[in-house]
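Written out below as structure tokens is the structure these notes cover.
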Amino acid sequence: MLELLSSIGRKVIAFKQDVDNLLSKHEASKSRVISVDKTRRMLAGLSLQQDELFQQAILCVERGIHRAAHVMSWAAFVDYLEEKLASDGLVKVMSKRPAWVKYSTVEELRENIPEYQLIEAARDVGLLSKSQTKTILGLLSKRNECAHPSGHNPGLNESLGFVSELLTRIEQLQKKSL
């Protein structure tokens with residue numbers, strides 16, 4: 001009897017996978033989110049906190065909570081960017097932003113410096129080009145639309161694209177050092 005139930009369970013799982021594969025080809029289908037496997041593989045090399053934030057963003061996409069997906073993935077990206085800025089003990093950042101010298105840790109920077117300014121500082125220390133900075137600031141604007149009351153309601157494609165775009169930006173940053 002136990003073998004029969006186990007066999008039926010495997011068949012049900014296989015059936016669900018087949019259905020998800022078929023439905024994933026239709027844009028409006030919730031099964032399309034199954035194709036986020038590639039996105040999940042991009043999480044390798046991130047801190048536990050960043051991984052958890054991106055996992056939550058992906059879960060939000062799977063559940064159709066698209067505004068929250070933008071906010072969670074942005075939080076993960078900014079955490080990565082801040083850690084990258086602090087990778088030399090904030091030496092380069094402080095040389096470019098002497099007024100920030102009163103903040104001795106990345107946590108103090110997080111609490112006192114707006115994300116917009118941190119992104120510009122990343123450009124100033126050579127982590128971002130001018131065009132990358134503009135693109136990331138545009139992503140910050142999208143995040144702000146989702147985080148604050150607005151009429152903006154992103155869909156599945158936009159949310160998956162946003163998460164993927166931020167992960168791609170992290171991949172680019174991983175290749176750079178201060």
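Going through the structure tokens in order, the chains are called A, B, and so on, while each chain numbers its residues from 1 and the ligands are numbered from 1 in the order shown.
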Closest atom pairs, residues of region 67-117 of chain A within 10 Å of region 45-54 of chain A, only C-alpha atoms, as a tab-separated table:
residue	atom	partner	partner_atom	distance
A:Ala69	CA	A:Phe54	CA	8.4
A:His70	CA	A:Phe54	CA	9.7
A:Val71	CA	A:Leu53	CA	9.4
A:Met72	CA	A:Leu53	CA	5.7
A:Ser73	CA	A:Phe54	CA	5.2
A:Trp74	CA	A:Phe54	CA	8.6
A:Ala75	CA	A:Leu53	CA	7.0
A:Ala76	CA	A:Gln50	CA	4.7
A:Phe77	CA	A:Gln50	CA	7.4
A:Val78	CA	A:Gln50	CA	9.1
A:Asp79	CA	A:Gln50	CA	6.8
A:Tyr80	CA	A:Gln50	CA	6.9
A:Glu83	CA	A:Ser47	CA	9.7
inquiry  = So that I can check the secondary structure, give me every residue of region 14-177 of chain A assigned alpha helix (DSSP H) by backbone DSSP, as a ChimeraX atom specification.
reply    = /A:14-23,37-41,48-63,66-85,91-96,106-112,115-124,130-147,156-174
ask   = Using only C-alpha atoms, which residue out of A:Ser141, A:Leu43, A:Gly126, A:Val163 lies closest to Leu85 (chain A)?
value = A:Gly126
query = Residues at most 9 Å from Gly89 (chain A), counting only C-alpha atoms, excluding those fewer than 2 positions away in the same chain, as a list in words?
reply = Leu85, Ala86, Ser87, Val91, Lys92, Val93, Ser104, Thr105 and Val106 of chain A
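Computed from the coordinates, the CA of Trp100 (chain A) to CA of Gln132 (chain A) distance equals 23.2 Å.
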task = Please identify all polymer residues within 7 Å of Glu120 (chain A), counting only C-alpha atoms, omitting same-chain residues fewer than 4 positions from it, and present them as a list in words.
result = Tyr116, Asp124 and Thr133 of chain A
With C-alpha atoms kept, could you save the residues just selected as a CSV table (one decimal), in the first residue's frame?
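again.csv written:
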chain,number,residue,atom,x,y,z
A,116,TYR,CA,20.5,58.2,-4.4
A,124,ASP,CA,32.6,58.5,-8.0
A,133,THR,CA,24.5,55.1,-12.7
Surrounding residues of His66 (chain A) excluding itself and chain neighbours under 2 positions, 7 Å, only C-alpha atoms, as a PDB file with C-alpha atoms, in the first residue's frame:
ATOM      1  CA  CYS A  60       6.296  37.798  -4.001  1.00  0.00           C
ATOM      2  CA  VAL A  61       6.388  37.407  -7.790  1.00  0.00           C
ATOM      3  CA  GLY A  64       1.383  38.004  -7.535  1.00  0.00           C
ATOM      4  CA  ALA A  68       6.526  44.091  -2.840  1.00  0.00           C
ATOM      5  CA  ALA A  69       8.773  42.122  -5.205  1.00  0.00           C
ATOM      6  CA  HIS A  70      10.264  45.388  -6.440  1.00  0.00           C
ATOM      7  CA  PRO A 154       3.627  46.308 -12.169  1.00  0.00           C
ATOM      8  CA  GLY A 155       2.730  42.955 -13.657  1.00  0.00           C
ATOM      9  CA  LEU A 156       4.496  39.628 -13.789  1.00  0.00           C
ATOM     10  CA  SER A 159       8.535  42.277 -11.754  1.00  0.00           C
TER      11      SER A 159
END
inquiry  = Taking 2 positions as the minimum chain separation for residues in the same chain, which residues sit within 8 Å of Ala121 (chain A) when counting only C-alpha atoms? Answer as JSON, numbers by chain.
reply    = {"A": [93, 96, 97, 117, 118, 119, 123, 124, 125]}
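Here CA of Ala122 (chain A) and CA of Arg67 (chain A) stand 25.9 Å from one another.
Near Lys175 (chain A), within 12 Å and counting only C-alpha atoms, sit Gly45, Lys84, Leu127, Leu128, Thr168, Arg169, Ile170, Glu171, Gln172 and Leu178 of chain A; same-chain residues fewer than 3 positions away were not included.
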